[in-house]
file model_39.tsv (TSV, all heavy atoms)
chain	number	residue	atom	x	y	z
A	183	MET	N	87.59	100.78	90.89
A	183	MET	CA	88.26	101.85	90.17
A	183	MET	C	89.68	102.01	90.68
A	183	MET	O	89.92	101.93	91.86
A	183	MET	CB	87.49	103.16	90.37
A	183	MET	CG	88.15	104.28	89.69
A	183	MET	SD	87.56	105.86	90.22
A	183	MET	CE	88.78	106.83	89.43
A	184	THR	N	90.61	102.24	89.77
A	184	THR	CA	92.00	102.46	90.12
A	184	THR	C	92.40	103.86	89.69
A	184	THR	O	92.17	104.26	88.56
A	184	THR	CB	92.91	101.43	89.43
A	184	THR	OG1	92.47	100.14	89.78
A	184	THR	CG2	94.34	101.60	89.84
A	185	LEU	N	92.99	104.59	90.60
A	185	LEU	CA	93.45	105.94	90.32
A	185	LEU	C	94.83	105.85	89.67
A	185	LEU	O	95.75	105.27	90.22
A	185	LEU	CB	93.53	106.75	91.62
A	185	LEU	CG	93.92	108.20	91.52
A	185	LEU	CD1	92.89	108.97	90.70
A	185	LEU	CD2	94.02	108.81	92.91
A	186	LYS	N	94.96	106.40	88.47
A	186	LYS	CA	96.23	106.40	87.75
A	186	LYS	C	96.89	107.76	87.89
A	186	LYS	O	96.33	108.78	87.47
A	186	LYS	CB	96.02	106.10	86.27
A	186	LYS	CG	95.35	104.78	85.99
A	186	LYS	CD	96.25	103.63	86.28
A	186	LYS	CE	95.55	102.35	85.89
A	186	LYS	NZ	96.23	101.18	86.34
A	187	ILE	N	98.06	107.79	88.50
A	187	ILE	CA	98.82	109.02	88.70
A	187	ILE	C	100.17	108.86	88.01
A	187	ILE	O	100.85	107.85	88.19
A	187	ILE	CB	99.06	109.30	90.20
A	187	ILE	CG1	97.74	109.42	90.96
A	187	ILE	CG2	99.92	110.53	90.40
A	187	ILE	CD1	96.95	110.67	90.67
A	188	ALA	N	100.56	109.84	87.23
A	188	ALA	CA	101.86	109.82	86.55
A	188	ALA	C	102.63	111.08	86.93
A	188	ALA	O	102.13	112.19	86.75
A	188	ALA	CB	101.68	109.74	85.06
A	189	ILE	N	103.82	110.89	87.47
A	189	ILE	CA	104.68	112.02	87.83
A	189	ILE	C	105.79	112.12	86.79
A	189	ILE	O	106.50	111.16	86.52
A	189	ILE	CB	105.29	111.82	89.25
A	189	ILE	CG1	104.19	111.65	90.30
A	189	ILE	CG2	106.22	112.96	89.60
A	189	ILE	CD1	103.26	112.83	90.45
A	190	ASP	N	105.93	113.31	86.22
A	190	ASP	CA	106.95	113.56	85.20
A	190	ASP	C	108.16	114.21	85.87
A	190	ASP	O	108.10	115.37	86.29
A	190	ASP	CB	106.37	114.48	84.12
A	190	ASP	CG	107.36	114.80	83.02
A	190	ASP	OD1	108.47	114.23	83.02
A	190	ASP	OD2	107.01	115.62	82.15
A	191	ALA	N	109.24	113.45	86.01
A	191	ALA	CA	110.44	113.95	86.67
A	191	ALA	C	111.07	115.13	85.92
A	191	ALA	O	111.76	115.95	86.52
A	191	ALA	CB	111.46	112.83	86.83
A	192	ALA	N	110.84	115.24	84.63
A	192	ALA	CA	111.42	116.31	83.83
A	192	ALA	C	110.58	117.59	83.87
A	192	ALA	O	111.01	118.63	83.37
A	192	ALA	CB	111.58	115.85	82.39
A	193	SER	N	109.41	117.52	84.47
A	193	SER	CA	108.51	118.68	84.53
A	193	SER	C	109.05	119.75	85.47
A	193	SER	O	109.71	119.46	86.47
A	193	SER	CB	107.12	118.23	85.00
A	193	SER	OG	106.28	119.36	85.20
A	194	ALA	N	108.73	121.00	85.17
A	194	ALA	CA	109.12	122.10	86.04
A	194	ALA	C	108.26	122.13	87.31
A	194	ALA	O	108.67	122.69	88.32
A	194	ALA	CB	108.98	123.42	85.29
A	195	ALA	N	107.07	121.52	87.25
A	195	ALA	CA	106.18	121.49	88.41
A	195	ALA	C	106.68	120.45	89.41
A	195	ALA	O	107.16	119.38	89.04
A	195	ALA	CB	104.77	121.13	87.98
A	196	ALA	N	106.58	120.79	90.69
A	196	ALA	CA	107.00	119.87	91.75
A	196	ALA	C	106.11	118.63	91.75
A	196	ALA	O	104.94	118.71	91.37
A	196	ALA	CB	106.89	120.57	93.10
A	197	PRO	N	106.65	117.49	92.17
A	197	PRO	CA	105.85	116.26	92.17
A	197	PRO	C	104.56	116.37	92.97
A	197	PRO	O	103.52	115.88	92.54
A	197	PRO	CB	106.79	115.22	92.80
A	197	PRO	CG	108.16	115.72	92.48
A	197	PRO	CD	108.05	117.22	92.52
A	198	PHE	N	104.59	117.05	94.13
A	198	PHE	CA	103.37	117.18	94.92
A	198	PHE	C	102.32	118.01	94.18
A	198	PHE	O	101.13	117.76	94.29
A	198	PHE	CB	103.65	117.77	96.31
A	198	PHE	CG	103.96	119.24	96.32
A	198	PHE	CD1	102.94	120.18	96.41
A	198	PHE	CD2	105.26	119.69	96.24
A	198	PHE	CE1	103.21	121.54	96.42
A	198	PHE	CE2	105.55	121.05	96.26
A	198	PHE	CZ	104.51	121.98	96.34
A	199	GLU	N	102.76	118.99	93.39
A	199	GLU	CA	101.81	119.81	92.62
A	199	GLU	C	101.22	119.01	91.47
A	199	GLU	O	100.05	119.14	91.15
A	199	GLU	CB	102.51	121.07	92.10
A	199	GLU	CG	101.62	121.95	91.27
A	199	GLU	CD	100.36	122.43	91.97
A	199	GLU	OE1	100.35	122.56	93.20
A	199	GLU	OE2	99.34	122.67	91.27
A	200	GLN	N	102.03	118.16	90.83
A	200	GLN	CA	101.52	117.29	89.78
A	200	GLN	C	100.47	116.35	90.35
A	200	GLN	O	99.42	116.15	89.74
A	200	GLN	CB	102.66	116.48	89.16
A	200	GLN	CG	103.66	117.31	88.38
A	200	GLN	CD	104.77	116.45	87.83
A	200	GLN	OE1	104.52	115.42	87.21
A	200	GLN	NE2	106.02	116.86	88.05
A	201	LEU	N	100.73	115.80	91.52
A	201	LEU	CA	99.80	114.91	92.20
A	201	LEU	C	98.50	115.63	92.52
A	201	LEU	O	97.41	115.14	92.22
A	201	LEU	CB	100.45	114.36	93.47
A	201	LEU	CG	99.62	113.48	94.36
A	201	LEU	CD1	99.32	112.16	93.67
A	201	LEU	CD2	100.35	113.23	95.66
A	202	ARG	N	98.61	116.81	93.12
A	202	ARG	CA	97.43	117.60	93.49
A	202	ARG	C	96.59	117.93	92.27
A	202	ARG	O	95.37	117.79	92.27
A	202	ARG	CB	97.84	118.89	94.20
A	202	ARG	CG	96.64	119.68	94.73
A	202	ARG	CD	96.91	121.16	94.78
A	202	ARG	NE	97.22	121.75	93.50
A	202	ARG	CZ	96.32	122.05	92.56
A	202	ARG	NH1	95.05	121.80	92.73
A	202	ARG	NH2	96.70	122.60	91.42
A	203	ALA	N	97.25	118.36	91.20
A	203	ALA	CA	96.54	118.75	89.99
A	203	ALA	C	95.80	117.57	89.35
A	203	ALA	O	94.67	117.71	88.88
A	203	ALA	CB	97.51	119.38	88.98
A	204	GLN	N	96.43	116.41	89.34
A	204	GLN	CA	95.80	115.24	88.73
A	204	GLN	C	94.59	114.77	89.54
A	204	GLN	O	93.54	114.45	88.97
A	204	GLN	CB	96.82	114.11	88.57
A	204	GLN	CG	97.83	114.40	87.49
A	204	GLN	CD	98.85	113.30	87.34
A	204	GLN	OE1	98.50	112.13	87.29
A	204	GLN	NE2	100.11	113.67	87.26
A	205	ILE	N	94.72	114.73	90.85
A	205	ILE	CA	93.60	114.32	91.70
A	205	ILE	C	92.47	115.34	91.61
A	205	ILE	O	91.29	114.98	91.48
A	205	ILE	CB	94.04	114.13	93.16
A	205	ILE	CG1	94.97	112.91	93.25
A	205	ILE	CG2	92.84	113.95	94.08
A	205	ILE	CD1	95.62	112.71	94.60
A	206	SER	N	92.80	116.61	91.61
A	206	SER	CA	91.80	117.66	91.49
A	206	SER	C	91.06	117.57	90.15
A	206	SER	O	89.83	117.69	90.10
A	206	SER	CB	92.49	119.03	91.61
A	206	SER	OG	91.58	120.07	91.45
A	207	GLY	N	91.80	117.34	89.09
A	207	GLY	CA	91.19	117.21	87.77
A	207	GLY	C	90.24	116.02	87.69
A	207	GLY	O	89.15	116.12	87.11
A	208	GLU	N	90.64	114.89	88.28
A	208	GLU	CA	89.78	113.70	88.30
A	208	GLU	C	88.49	113.98	89.08
A	208	GLU	O	87.41	113.56	88.67
A	208	GLU	CB	90.52	112.51	88.92
A	208	GLU	CG	91.69	112.02	88.11
A	208	GLU	CD	91.26	111.25	86.87
A	208	GLU	OE1	90.31	110.46	86.95
A	208	GLU	OE2	91.91	111.45	85.83
A	209	ALA	N	88.62	114.69	90.19
A	209	ALA	CA	87.44	115.00	91.01
A	209	ALA	C	86.50	115.95	90.26
A	209	ALA	O	85.29	115.75	90.25
A	209	ALA	CB	87.87	115.62	92.33
A	210	ARG	N	87.05	116.98	89.62
A	210	ARG	CA	86.22	117.94	88.88
A	210	ARG	C	85.51	117.30	87.70
A	210	ARG	O	84.38	117.64	87.39
A	210	ARG	CB	87.08	119.10	88.39
A	210	ARG	CG	87.26	120.20	89.38
A	210	ARG	CD	87.81	121.46	88.72
A	210	ARG	NE	89.00	121.18	87.94
A	210	ARG	CZ	90.25	121.29	88.38
A	210	ARG	NH1	90.46	121.69	89.60
A	210	ARG	NH2	91.26	121.01	87.60
A	211	SER	N	86.18	116.36	87.04
A	211	SER	CA	85.59	115.74	85.85
A	211	SER	C	84.53	114.70	86.20
A	211	SER	O	83.80	114.24	85.33
A	211	SER	CB	86.68	115.08	85.01
A	211	SER	OG	87.15	113.89	85.63
A	212	GLY	N	84.48	114.30	87.48
A	212	GLY	CA	83.51	113.29	87.89
A	212	GLY	C	84.06	111.88	87.80
A	212	GLY	O	83.35	110.92	88.07
A	213	ALA	N	85.33	111.73	87.41
A	213	ALA	CA	85.93	110.41	87.30
A	213	ALA	C	86.13	109.77	88.68
A	213	ALA	O	86.12	108.55	88.79
A	213	ALA	CB	87.26	110.49	86.57
A	214	LEU	N	86.32	110.59	89.71
A	214	LEU	CA	86.41	110.07	91.07
A	214	LEU	C	85.02	110.11	91.69
A	214	LEU	O	84.45	111.18	91.86
A	214	LEU	CB	87.35	110.94	91.93
A	214	LEU	CG	88.82	110.76	91.76
A	214	LEU	CD1	89.59	111.71	92.67
A	214	LEU	CD2	89.25	109.34	92.03
A	215	PRO	N	84.47	108.97	92.05
A	215	PRO	CA	83.13	108.95	92.64
A	215	PRO	C	83.13	109.55	94.05
A	215	PRO	O	84.16	109.55	94.73
A	215	PRO	CB	82.76	107.47	92.67
A	215	PRO	CG	84.04	106.73	92.55
A	215	PRO	CD	85.01	107.64	91.88
A	216	VAL	N	82.00	110.04	94.47
A	216	VAL	CA	81.84	110.59	95.81
A	216	VAL	C	82.16	109.49	96.81
A	216	VAL	O	81.73	108.34	96.66
A	216	VAL	CB	80.40	111.10	96.02
A	216	VAL	CG1	80.20	111.51	97.47
A	216	VAL	CG2	80.11	112.25	95.08
A	217	GLY	N	82.97	109.81	97.80
A	217	GLY	CA	83.33	108.85	98.83
A	217	GLY	C	84.53	107.98	98.49
A	217	GLY	O	84.93	107.14	99.29
A	218	TYR	N	85.12	108.18	97.32
A	218	TYR	CA	86.28	107.39	96.92
A	218	TYR	C	87.43	107.67	97.88
A	218	TYR	O	87.74	108.81	98.16
A	218	TYR	CB	86.70	107.74	95.49
A	218	TYR	CG	87.90	106.96	95.00
A	218	TYR	CD1	87.78	105.64	94.59
A	218	TYR	CD2	89.16	107.54	94.98
A	218	TYR	CE1	88.87	104.92	94.14
A	218	TYR	CE2	90.26	106.84	94.53
A	218	TYR	CZ	90.11	105.53	94.12
A	218	TYR	OH	91.20	104.81	93.69
A	219	ARG	N	88.05	106.62	98.37
A	219	ARG	CA	89.17	106.78	99.29
A	219	ARG	C	90.47	106.86	98.50
A	219	ARG	O	90.78	105.95	97.73
A	219	ARG	CB	89.20	105.61	100.27
A	219	ARG	CG	88.00	105.64	101.20
A	219	ARG	CD	88.15	104.59	102.22
A	219	ARG	NE	89.38	104.81	102.96
A	219	ARG	CZ	89.48	104.81	104.28
A	219	ARG	NH1	88.43	104.54	105.00
A	219	ARG	NH2	90.63	105.02	104.86
A	220	LEU	N	91.21	107.92	98.71
A	220	LEU	CA	92.48	108.08	98.03
A	220	LEU	C	93.51	107.11	98.60
A	220	LEU	O	93.40	106.71	99.77
A	220	LEU	CB	92.98	109.52	98.21
A	220	LEU	CG	92.12	110.60	97.56
A	220	LEU	CD1	92.65	111.97	97.91
A	220	LEU	CD2	92.08	110.40	96.06
A	221	PRO	N	94.49	106.73	97.81
A	221	PRO	CA	95.51	105.82	98.30
A	221	PRO	C	96.34	106.45	99.41
A	221	PRO	O	96.45	107.68	99.50
A	221	PRO	CB	96.39	105.54	97.08
A	221	PRO	CG	95.92	106.43	95.99
A	221	PRO	CD	94.68	107.10	96.42
A	222	THR	N	96.96	105.61	100.22
A	222	THR	CA	97.85	106.10	101.27
A	222	THR	C	99.12	106.67	100.64
A	222	THR	O	99.40	106.43	99.46
A	222	THR	CB	98.24	104.97	102.21
A	222	THR	OG1	98.97	103.99	101.47
A	222	THR	CG2	97.03	104.33	102.87
A	223	VAL	N	99.88	107.39	101.41
A	223	VAL	CA	101.15	107.94	100.92
A	223	VAL	C	102.07	106.80	100.48
A	223	VAL	O	102.70	106.87	99.42
A	223	VAL	CB	101.83	108.80	102.00
A	223	VAL	CG1	103.23	109.21	101.59
A	223	VAL	CG2	100.99	110.02	102.30
A	224	ARG	N	102.11	105.74	101.25
A	224	ARG	CA	102.94	104.59	100.88
A	224	ARG	C	102.43	103.95	99.60
A	224	ARG	O	103.22	103.51	98.76
A	224	ARG	CB	102.98	103.56	102.00
A	224	ARG	CG	103.84	103.98	103.14
A	224	ARG	CD	103.98	102.90	104.16
A	224	ARG	NE	104.76	103.38	105.27
A	224	ARG	CZ	105.17	102.65	106.26
A	224	ARG	NH1	104.84	101.37	106.31
A	224	ARG	NH2	105.88	103.16	107.23
A	225	GLY	N	101.13	103.88	99.45
A	225	GLY	CA	100.56	103.32	98.24
A	225	GLY	C	100.92	104.14	97.02
A	225	GLY	O	101.18	103.59	95.94
A	226	LEU	N	100.93	105.45	97.17
A	226	LEU	CA	101.30	106.33	96.05
A	226	LEU	C	102.78	106.19	95.74
A	226	LEU	O	103.19	106.28	94.58
A	226	LEU	CB	100.98	107.79	96.38
A	226	LEU	CG	99.50	108.16	96.34
A	226	LEU	CD1	99.32	109.56	96.90
A	226	LEU	CD2	98.97	108.07	94.94
A	227	ALA	N	103.60	105.98	96.75
A	227	ALA	CA	105.05	105.88	96.55
A	227	ALA	C	105.41	104.63	95.75
A	227	ALA	O	106.44	104.62	95.07
A	227	ALA	CB	105.76	105.86	97.90
A	228	GLU	N	104.58	103.61	95.82
A	228	GLU	CA	104.87	102.39	95.06
A	228	GLU	C	104.77	102.68	93.60
A	228	GLU	O	105.40	102.24	92.76
A	228	GLU	CB	103.89	101.28	95.43
A	228	GLU	CG	104.09	100.79	96.83
A	228	GLU	CD	103.04	99.75	97.20
A	228	GLU	OE1	102.09	99.52	96.44
A	228	GLU	OE2	103.19	99.18	98.27
call {"tool": "encode", "arguments": {"input": "model_39.tsv", "output": "structure tokens"}}
result
Amino acid sequence: MTLKIAIDAASAAAPFEQLRAQISGEARSGALPVGYRLPTVRGLAE
């Protein structure tokens, strides 16, 4: 599974908040399996 994160530079929300909201939403919906390891900070920066 690959986690897809999209940051909208034009959004009023800060990038870290967009990231948090997307990961949280994936976890709540069940799209992220239990035990899934999130990418490193460097991996997200790519």
call {"tool": "closest_residue", "arguments": {"input": "model_39.tsv", "among": "A:Ser193, A:Ala188, A:Met183, A:Gln204", "to": "A:Glu228", "atoms": "only C-alpha atoms"}}
result
A:Ala188
call {"tool": "select_by_dssp", "arguments": {"input": "model_39.tsv", "residues": "chain A", "states": "helix (DSSP H, G or I)", "output": "NGL selection string"}}
result
:A and (197-211 or 223-227)
call {"tool": "write_last_selection", "arguments": {"input": "model_39.tsv", "atoms": "all heavy atoms", "output": "short mmCIF file (atom, residue, chain, number, x, y, z; two decimals), in the coordinates of the input"}}
result
data_model
loop_
_atom_site.label_atom_id
_atom_site.label_comp_id
_atom_site.auth_asym_id
_atom_site.auth_seq_id
_atom_site.Cartn_x
_atom_site.Cartn_y
_atom_site.Cartn_z
N PRO A 197 106.65 117.49 92.17
CA PRO A 197 105.85 116.26 92.17
C PRO A 197 104.56 116.37 92.97
O PRO A 197 103.52 115.88 92.54
CB PRO A 197 106.79 115.22 92.80
CG PRO A 197 108.16 115.72 92.48
CD PRO A 197 108.05 117.22 92.52
N PHE A 198 104.59 117.05 94.13
CA PHE A 198 103.37 117.18 94.92
C PHE A 198 102.32 118.01 94.18
O PHE A 198 101.13 117.76 94.29
CB PHE A 198 103.65 117.77 96.31
CG PHE A 198 103.96 119.24 96.32
CD1 PHE A 198 102.94 120.18 96.41
CD2 PHE A 198 105.26 119.69 96.24
CE1 PHE A 198 103.21 121.54 96.42
CE2 PHE A 198 105.55 121.05 96.26
CZ PHE A 198 104.51 121.98 96.34
N GLU A 199 102.76 118.99 93.39
CA GLU A 199 101.81 119.81 92.62
C GLU A 199 101.22 119.01 91.47
O GLU A 199 100.05 119.14 91.15
CB GLU A 199 102.51 121.07 92.10
CG GLU A 199 101.62 121.95 91.27
CD GLU A 199 100.36 122.43 91.97
OE1 GLU A 199 100.35 122.56 93.20
OE2 GLU A 199 99.34 122.67 91.27
N GLN A 200 102.03 118.16 90.83
CA GLN A 200 101.52 117.29 89.78
C GLN A 200 100.47 116.35 90.35
O GLN A 200 99.42 116.15 89.74
CB GLN A 200 102.66 116.48 89.16
CG GLN A 200 103.66 117.31 88.38
CD GLN A 200 104.77 116.45 87.83
OE1 GLN A 200 104.52 115.42 87.21
NE2 GLN A 200 106.02 116.86 88.05
N LEU A 201 100.73 115.80 91.52
CA LEU A 201 99.80 114.91 92.20
C LEU A 201 98.50 115.63 92.52
O LEU A 201 97.41 115.14 92.22
CB LEU A 201 100.45 114.36 93.47
CG LEU A 201 99.62 113.48 94.36
CD1 LEU A 201 99.32 112.16 93.67
CD2 LEU A 201 100.35 113.23 95.66
N ARG A 202 98.61 116.81 93.12
CA ARG A 202 97.43 117.60 93.49
C ARG A 202 96.59 117.93 92.27
O ARG A 202 95.37 117.79 92.27
CB ARG A 202 97.84 118.89 94.20
CG ARG A 202 96.64 119.68 94.73
CD ARG A 202 96.91 121.16 94.78
NE ARG A 202 97.22 121.75 93.50
CZ ARG A 202 96.32 122.05 92.56
NH1 ARG A 202 95.05 121.80 92.73
NH2 ARG A 202 96.70 122.60 91.42
N ALA A 203 97.25 118.36 91.20
CA ALA A 203 96.54 118.75 89.99
C ALA A 203 95.80 117.57 89.35
O ALA A 203 94.67 117.71 88.88
CB ALA A 203 97.51 119.38 88.98
N GLN A 204 96.43 116.41 89.34
CA GLN A 204 95.80 115.24 88.73
C GLN A 204 94.59 114.77 89.54
O GLN A 204 93.54 114.45 88.97
CB GLN A 204 96.82 114.11 88.57
CG GLN A 204 97.83 114.40 87.49
CD GLN A 204 98.85 113.30 87.34
OE1 GLN A 204 98.50 112.13 87.29
NE2 GLN A 204 100.11 113.67 87.26
N ILE A 205 94.72 114.73 90.85
CA ILE A 205 93.60 114.32 91.70
C ILE A 205 92.47 115.34 91.61
O ILE A 205 91.29 114.98 91.48
CB ILE A 205 94.04 114.13 93.16
CG1 ILE A 205 94.97 112.91 93.25
CG2 ILE A 205 92.84 113.95 94.08
CD1 ILE A 205 95.62 112.71 94.60
N SER A 206 92.80 116.61 91.61
CA SER A 206 91.80 117.66 91.49
C SER A 206 91.06 117.57 90.15
O SER A 206 89.83 117.69 90.10
CB SER A 206 92.49 119.03 91.61
OG SER A 206 91.58 120.07 91.45
N GLY A 207 91.80 117.34 89.09
CA GLY A 207 91.19 117.21 87.77
C GLY A 207 90.24 116.02 87.69
O GLY A 207 89.15 116.12 87.11
N GLU A 208 90.64 114.89 88.28
CA GLU A 208 89.78 113.70 88.30
C GLU A 208 88.49 113.98 89.08
O GLU A 208 87.41 113.56 88.67
CB GLU A 208 90.52 112.51 88.92
CG GLU A 208 91.69 112.02 88.11
CD GLU A 208 91.26 111.25 86.87
OE1 GLU A 208 90.31 110.46 86.95
OE2 GLU A 208 91.91 111.45 85.83
N ALA A 209 88.62 114.69 90.19
CA ALA A 209 87.44 115.00 91.01
C ALA A 209 86.50 115.95 90.26
O ALA A 209 85.29 115.75 90.25
CB ALA A 209 87.87 115.62 92.33
N ARG A 210 87.05 116.98 89.62
CA ARG A 210 86.22 117.94 88.88
C ARG A 210 85.51 117.30 87.70
O ARG A 210 84.38 117.64 87.39
CB ARG A 210 87.08 119.10 88.39
CG ARG A 210 87.26 120.20 89.38
CD ARG A 210 87.81 121.46 88.72
NE ARG A 210 89.00 121.18 87.94
CZ ARG A 210 90.25 121.29 88.38
NH1 ARG A 210 90.46 121.69 89.60
NH2 ARG A 210 91.26 121.01 87.60
N SER A 211 86.18 116.36 87.04
CA SER A 211 85.59 115.74 85.85
C SER A 211 84.53 114.70 86.20
O SER A 211 83.80 114.24 85.33
CB SER A 211 86.68 115.08 85.01
OG SER A 211 87.15 113.89 85.63
N VAL A 223 99.88 107.39 101.41
CA VAL A 223 101.15 107.94 100.92
C VAL A 223 102.07 106.80 100.48
O VAL A 223 102.70 106.87 99.42
CB VAL A 223 101.83 108.80 102.00
CG1 VAL A 223 103.23 109.21 101.59
CG2 VAL A 223 100.99 110.02 102.30
N ARG A 224 102.11 105.74 101.25
CA ARG A 224 102.94 104.59 100.88
C ARG A 224 102.43 103.95 99.60
O ARG A 224 103.22 103.51 98.76
CB ARG A 224 102.98 103.56 102.00
CG ARG A 224 103.84 103.98 103.14
CD ARG A 224 103.98 102.90 104.16
NE ARG A 224 104.76 103.38 105.27
CZ ARG A 224 105.17 102.65 106.26
NH1 ARG A 224 104.84 101.37 106.31
NH2 ARG A 224 105.88 103.16 107.23
N GLY A 225 101.13 103.88 99.45
CA GLY A 225 100.56 103.32 98.24
C GLY A 225 100.92 104.14 97.02
O GLY A 225 101.18 103.59 95.94
N LEU A 226 100.93 105.45 97.17
CA LEU A 226 101.30 106.33 96.05
C LEU A 226 102.78 106.19 95.74
O LEU A 226 103.19 106.28 94.58
CB LEU A 226 100.98 107.79 96.38
CG LEU A 226 99.50 108.16 96.34
CD1 LEU A 226 99.32 109.56 96.90
CD2 LEU A 226 98.97 108.07 94.94
N ALA A 227 103.60 105.98 96.75
CA ALA A 227 105.05 105.88 96.55
C ALA A 227 105.41 104.63 95.75
O ALA A 227 106.44 104.62 95.07
CB ALA A 227 105.76 105.86 97.90
#
call {"tool": "atom_distance", "arguments": {"input": "model_39.tsv", "atom1": "atom CG2 of A:Ile205", "atom2": "atom CD1 of A:Leu185"}}
result
6.0 Å
call {"tool": "atom_distance", "arguments": {"input": "model_39.tsv", "atom1": "atom CA of A:Ala209", "atom2": "atom CA of A:Ala191"}}
result
23.4 Å
call {"tool": "closest_residue", "arguments": {"input": "model_39.tsv", "among": "A:Leu220, A:Leu201, A:Ala227, A:Leu214", "to": "A:Ile187", "atoms": "all heavy atoms"}}
result
A:Leu201
call {"tool": "atom_distance", "arguments": {"input": "model_39.tsv", "atom1": "atom N of A:Pro197", "atom2": "atom CB of A:Arg224"}}
result
17.4 Å
